[in-house]
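Undergrad: Below you will find the structure I want to go over with you.
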Amino acid sequence: MLISLITRPIALVSILMLPFGTALSSNHYTEKQMEALASRVGKTFWLRPQNEKAPTFLTQPRTGAAPLNLQGKNSFEILELTGQASKDPYYKVMFDSGQVGYIDPRLFHEEFNATILSFDPLAEEKKKAEQQAEEEKKRAAWIQSQPWSQAVKDAALKKQPTPGLNGPEVRRVLGPPTRVSKTHGPSKVPEERWFYPDGSVLTFHNGLLSKIEKRQTQPR
């Protein structure tokens with residue numbers, strides 16, 4: 001019994017890895033192969049077009065059916081393995097756009113890990129965007145809570161610090177600088193200059209923002 005439980009998943013994986021040639025041509029699927037194909041039902045996959053080309057999904061589960069005109073960013077769930085009785089199977093899928101289409105399991109197998117993935121290729125990018133959106137939400141809430149005039153708040157929301165703000169306030173408004181230089185001005189007043197990637201240079205005297213300059217950044 002234990003050996004059977006161990007070997008069953010291995011057998012399914014082995015079947016899925018078989019070349020999808022003559023052995024899996026229409027009406028030549030074995031029961032085990034059909035079972036292996038059906039194991040993907042209920043799972044979600046993502047498209048990653050290569051050279052702007054994605055696998056062809058059909059509007060009907062048959063050869064010669066019209067191709068589906070895909071819309072939007074495409075992930076899809078396999079809803080069903082149709083045609084099992086006639087051993088002429090197609091995956092019925094639903095895309096995140098709500099569109100329903102069909103794909104031949106042989107084509108699915110050929111494109112798997114190439115243009116069809118079992119993970120979201122944009123997951124890290126989406127996570128980063130969500131984190132940035134949350135940080136921006138907190139920044140805006142902090143600005144609105146300050147005892148500043150509405151004009152100063154409006155400028156701060158646009159990441160435009162106003163002279164008179166102190167260093168910590170500027171950091172909350174604009175973010176940390178890429179470089180800081182500390183000197184003494186002509187009157188020996190402590191002076192700091194904060195440099196930002198967009199070419200902005202902020203000058204502080206006695207800890208307060210006194211001047212904002214925008215320099216032309218040099219192309220790399």
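Convention: chains lettered A, B, ... in structure tokens order; per-chain residue numbering from 1; ligands numbered from 1 as shown.
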As a VMD selection string, which residues of stretch 33-79 of chain A does DSSP assign to helix (DSSP H, G or I)?

TA: chain A and resid 33 to 38

Undergrad: Please list as a ChimeraX atom specification every residue within 9 Å of stretch 74-83 of chain A, counting only C-alpha atoms and excluding residues in the same chain fewer than 3 positions away.

TA: /A:34,37-38,40-48,61,70-71,86-97,120

Undergrad: Keeping C-alpha atoms for every residue in the selection just given, could you write it to a file as a CSV table (one decimal), in the first residue's frame?

TA:
chain,number,residue,atom,x,y,z
A,34,MET,CA,-6.1,11.1,-19.5
A,37,LEU,CA,-4.0,15.5,-18.0
A,38,ALA,CA,-7.0,15.9,-15.7
A,40,ARG,CA,-4.2,20.1,-13.9
A,41,VAL,CA,-7.9,20.9,-13.6
A,42,GLY,CA,-8.4,23.6,-10.9
A,43,LYS,CA,-4.9,25.0,-11.2
A,44,THR,CA,-3.9,28.5,-12.2
A,45,PHE,CA,-1.3,29.3,-14.8
A,46,TRP,CA,0.2,32.5,-16.3
A,47,LEU,CA,1.1,33.5,-19.8
A,48,ARG,CA,4.6,34.9,-20.7
A,61,PRO,CA,-12.8,22.5,-28.3
A,70,LEU,CA,-7.1,37.5,-25.6
A,71,GLN,CA,-7.6,40.7,-23.7
A,86,SER,CA,-14.0,10.4,-27.1
A,87,LYS,CA,-10.4,10.7,-26.0
A,88,ASP,CA,-10.1,14.0,-27.9
A,89,PRO,CA,-9.4,16.2,-24.9
A,90,TYR,CA,-9.1,20.0,-24.7
A,91,TYR,CA,-8.5,22.1,-21.6
A,92,LYS,CA,-11.3,24.5,-20.9
A,93,VAL,CA,-9.9,27.5,-19.3
A,94,MET,CA,-11.1,30.9,-17.9
A,95,PHE,CA,-8.9,33.9,-18.1
A,96,ASP,CA,-8.7,36.7,-15.5
A,97,SER,CA,-10.6,38.8,-18.0
A,120,ASP,CA,3.2,34.7,-11.8

Undergrad: So, counting only C-alpha atoms, which residue among A:Pro55, A:Pro147, A:Pro49, A:Gly64 is closest to A:Leu107?

TA: A:Pro55

Undergrad: Quick one: distance from atom CA of A:Ser187 to atom CA of A:Leu209 in Å, one decimal?

TA: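 Atom CA of A:Ser187 sits 16.7 Å away from atom CA of A:Leu209.
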
Undergrad: Between atom CA of A:Lys211 and atom CA of A:Gln144, what distance in Å does the model show, to one decimal?

TA: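 Interatomic distance here is 23.3 Å.
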
Undergrad: Need the shell around A:Leu157: protein/DNA/RNA residues with any atom at most 9 Å away, counting only C-alpha atoms. Skip same-chain ones fewer than 3 positions apart. Format as a PDB file with N, CA and C atoms, in the first residue's frame?

TA:
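That gives us selection31.pdb:
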ATOM      1  N   ARG A 139       2.703  58.150   3.833  1.00  0.00           N
ATOM      2  CA  ARG A 139       3.348  59.459   3.684  1.00  0.00           C
ATOM      3  C   ARG A 139       2.299  60.563   3.589  1.00  0.00           C
ATOM      4  N   ALA A 140       1.266  60.322   2.771  1.00  0.00           N
ATOM      5  CA  ALA A 140       0.209  61.319   2.597  1.00  0.00           C
ATOM      6  C   ALA A 140      -0.540  61.561   3.907  1.00  0.00           C
ATOM      7  N   ILE A 143       1.613  63.707   6.191  1.00  0.00           N
ATOM      8  CA  ILE A 143       1.626  65.110   5.751  1.00  0.00           C
ATOM      9  C   ILE A 143       0.346  65.822   6.187  1.00  0.00           C
ATOM     10  N   GLN A 144      -0.788  65.161   5.989  1.00  0.00           N
ATOM     11  CA  GLN A 144      -2.066  65.789   6.343  1.00  0.00           C
ATOM     12  C   GLN A 144      -2.203  66.012   7.845  1.00  0.00           C
ATOM     13  N   VAL A 152       1.456  74.428   2.046  1.00  0.00           N
ATOM     14  CA  VAL A 152       2.648  73.620   2.327  1.00  0.00           C
ATOM     15  C   VAL A 152       2.316  72.136   2.207  1.00  0.00           C
ATOM     16  N   LYS A 153       1.137  71.747   2.688  1.00  0.00           N
ATOM     17  CA  LYS A 153       0.719  70.344   2.591  1.00  0.00           C
ATOM     18  C   LYS A 153       0.545  69.923   1.134  1.00  0.00           C
ATOM     19  N   ASP A 154      -0.097  70.786   0.343  1.00  0.00           N
ATOM     20  CA  ASP A 154      -0.315  70.457  -1.070  1.00  0.00           C
ATOM     21  C   ASP A 154       1.012  70.279  -1.801  1.00  0.00           C
ATOM     22  N   GLN A 160       7.261  68.307  -3.075  1.00  0.00           N
ATOM     23  CA  GLN A 160       7.906  69.608  -3.232  1.00  0.00           C
ATOM     24  C   GLN A 160       8.063  70.234  -1.848  1.00  0.00           C
ATOM     25  N   PRO A 161       9.205  70.007  -1.195  1.00  0.00           N
ATOM     26  CA  PRO A 161       9.400  70.553   0.153  1.00  0.00           C
ATOM     27  C   PRO A 161       9.473  72.077   0.138  1.00  0.00           C
ATOM     28  N   VAL A 173       8.880  64.001   3.392  1.00  0.00           N
ATOM     29  CA  VAL A 173       8.243  64.571   2.204  1.00  0.00           C
ATOM     30  C   VAL A 173       8.870  64.042   0.922  1.00  0.00           C
TER      31      VAL A 173
END

Undergrad: Got a sec: who's within 8 Å of A:Thr178, counting only C-alpha atoms, leaving out chain neighbours fewer than 5 positions off, as a count of residues only?

TA: 4

Undergrad: Where does DSSP see strand (DSSP E or B) in stretch 32-94 of chain A, if you list the residues as a PDB file with N, CA, C and O atoms, in the first residue's frame?

TA:
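After the write, out_22.pdb holds the following:
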ATOM      1  N   THR A  44      -4.087  27.230 -11.560  1.00  0.00           N
ATOM      2  CA  THR A  44      -3.942  28.512 -12.248  1.00  0.00           C
ATOM      3  C   THR A  44      -2.568  28.599 -12.897  1.00  0.00           C
ATOM      4  O   THR A  44      -1.565  28.172 -12.318  1.00  0.00           O
ATOM      5  N   PHE A  45      -2.547  29.173 -14.093  1.00  0.00           N
ATOM      6  CA  PHE A  45      -1.308  29.340 -14.846  1.00  0.00           C
ATOM      7  C   PHE A  45      -1.245  30.763 -15.394  1.00  0.00           C
ATOM      8  O   PHE A  45      -2.248  31.474 -15.442  1.00  0.00           O
ATOM      9  N   TRP A  46      -0.049  31.166 -15.798  1.00  0.00           N
ATOM     10  CA  TRP A  46       0.165  32.521 -16.309  1.00  0.00           C
ATOM     11  C   TRP A  46       0.832  32.457 -17.674  1.00  0.00           C
ATOM     12  O   TRP A  46       1.624  31.550 -17.951  1.00  0.00           O
ATOM     13  N   LEU A  47       0.506  33.433 -18.522  1.00  0.00           N
ATOM     14  CA  LEU A  47       1.124  33.521 -19.840  1.00  0.00           C
ATOM     15  C   LEU A  47       2.323  34.455 -19.791  1.00  0.00           C
ATOM     16  O   LEU A  47       2.280  35.506 -19.154  1.00  0.00           O
ATOM     17  N   GLN A  50       6.504  35.234 -25.693  1.00  0.00           N
ATOM     18  CA  GLN A  50       7.882  35.363 -26.148  1.00  0.00           C
ATOM     19  C   GLN A  50       7.863  35.916 -27.559  1.00  0.00           C
ATOM     20  O   GLN A  50       7.147  35.415 -28.426  1.00  0.00           O
ATOM     21  N   LYS A  53       4.529  36.712 -28.864  1.00  0.00           N
ATOM     22  CA  LYS A  53       3.661  35.617 -29.286  1.00  0.00           C
ATOM     23  C   LYS A  53       3.287  34.760 -28.084  1.00  0.00           C
ATOM     24  O   LYS A  53       4.133  34.416 -27.268  1.00  0.00           O
ATOM     25  N   LEU A  58      -8.448  28.510 -28.351  1.00  0.00           N
ATOM     26  CA  LEU A  58      -9.553  28.437 -29.307  1.00  0.00           C
ATOM     27  C   LEU A  58     -10.882  28.790 -28.650  1.00  0.00           C
ATOM     28  O   LEU A  58     -11.034  28.714 -27.429  1.00  0.00           O
ATOM     29  N   PRO A  67      -9.535  31.217 -33.332  1.00  0.00           N
ATOM     30  CA  PRO A  67      -8.689  31.549 -32.179  1.00  0.00           C
ATOM     31  C   PRO A  67      -9.361  32.578 -31.280  1.00  0.00           C
ATOM     32  O   PRO A  67     -10.142  33.410 -31.741  1.00  0.00           O
ATOM     33  N   SER A  75      -3.774  35.576 -16.877  1.00  0.00           N
ATOM     34  CA  SER A  75      -3.613  34.352 -16.109  1.00  0.00           C
ATOM     35  C   SER A  75      -4.900  33.576 -16.349  1.00  0.00           C
ATOM     36  O   SER A  75      -5.919  34.148 -16.739  1.00  0.00           O
ATOM     37  N   PHE A  76      -4.859  32.285 -16.174  1.00  0.00           N
ATOM     38  CA  PHE A  76      -6.064  31.500 -16.432  1.00  0.00           C
ATOM     39  C   PHE A  76      -6.114  30.282 -15.521  1.00  0.00           C
ATOM     40  O   PHE A  76      -5.090  29.780 -15.063  1.00  0.00           O
ATOM     41  N   GLU A  77      -7.333  29.836 -15.272  1.00  0.00           N
ATOM     42  CA  GLU A  77      -7.562  28.622 -14.492  1.00  0.00           C
ATOM     43  C   GLU A  77      -8.116  27.550 -15.415  1.00  0.00           C
ATOM     44  O   GLU A  77      -8.977  27.827 -16.256  1.00  0.00           O
ATOM     45  N   ILE A  78      -7.605  26.339 -15.283  1.00  0.00           N
ATOM     46  CA  ILE A  78      -8.152  25.224 -16.048  1.00  0.00           C
ATOM     47  C   ILE A  78      -9.412  24.745 -15.342  1.00  0.00           C
ATOM     48  O   ILE A  78      -9.368  24.289 -14.201  1.00  0.00           O
ATOM     49  N   LEU A  79     -10.541  24.874 -16.031  1.00  0.00           N
ATOM     50  CA  LEU A  79     -11.832  24.535 -15.439  1.00  0.00           C
ATOM     51  C   LEU A  79     -12.197  23.067 -15.625  1.00  0.00           C
ATOM     52  O   LEU A  79     -12.839  22.466 -14.762  1.00  0.00           O
ATOM     53  N   GLU A  80     -11.775  22.520 -16.764  1.00  0.00           N
ATOM     54  CA  GLU A  80     -12.281  21.186 -17.113  1.00  0.00           C
ATOM     55  C   GLU A  80     -11.413  20.576 -18.203  1.00  0.00           C
ATOM     56  O   GLU A  80     -10.790  21.297 -18.996  1.00  0.00           O
ATOM     57  N   LEU A  81     -11.355  19.266 -18.228  1.00  0.00           N
ATOM     58  CA  LEU A  81     -10.757  18.549 -19.351  1.00  0.00           C
ATOM     59  C   LEU A  81     -11.909  17.967 -20.152  1.00  0.00           C
ATOM     60  O   LEU A  81     -12.529  16.975 -19.758  1.00  0.00           O
ATOM     61  N   THR A  82     -12.227  18.600 -21.266  1.00  0.00           N
ATOM     62  CA  THR A  82     -13.356  18.153 -22.077  1.00  0.00           C
ATOM     63  C   THR A  82     -12.926  17.012 -23.000  1.00  0.00           C
ATOM     64  O   THR A  82     -11.737  16.760 -23.186  1.00  0.00           O
ATOM     65  N   TYR A  90      -9.519  18.565 -24.634  1.00  0.00           N
ATOM     66  CA  TYR A  90      -9.095  19.961 -24.658  1.00  0.00           C
ATOM     67  C   TYR A  90      -9.246  20.503 -23.240  1.00  0.00           C
ATOM     68  O   TYR A  90     -10.189  20.140 -22.530  1.00  0.00           O
ATOM     69  N   TYR A  91      -8.318  21.367 -22.858  1.00  0.00           N
ATOM     70  CA  TYR A  91      -8.482  22.059 -21.591  1.00  0.00           C
ATOM     71  C   TYR A  91      -9.433  23.237 -21.797  1.00  0.00           C
ATOM     72  O   TYR A  91      -9.222  24.069 -22.685  1.00  0.00           O
ATOM     73  N   LYS A  92     -10.476  23.286 -20.975  1.00  0.00           N
ATOM     74  CA  LYS A  92     -11.347  24.453 -20.945  1.00  0.00           C
ATOM     75  C   LYS A  92     -10.817  25.384 -19.864  1.00  0.00           C
ATOM     76  O   LYS A  92     -10.653  24.976 -18.717  1.00  0.00           O
ATOM     77  N   VAL A  93     -10.529  26.623 -20.226  1.00  0.00           N
ATOM     78  CA  VAL A  93      -9.898  27.547 -19.285  1.00  0.00           C
ATOM     79  C   VAL A  93     -10.699  28.838 -19.185  1.00  0.00           C
ATOM     80  O   VAL A  93     -11.434  29.207 -20.110  1.00  0.00           O
ATOM     81  N   MET A  94     -10.545  29.519 -18.057  1.00  0.00           N
ATOM     82  CA  MET A  94     -11.124  30.853 -17.890  1.00  0.00           C
ATOM     83  C   MET A  94     -10.006  31.817 -17.535  1.00  0.00           C
ATOM     84  O   MET A  94      -9.244  31.583 -16.594  1.00  0.00           O
TER      85      MET A  94
END
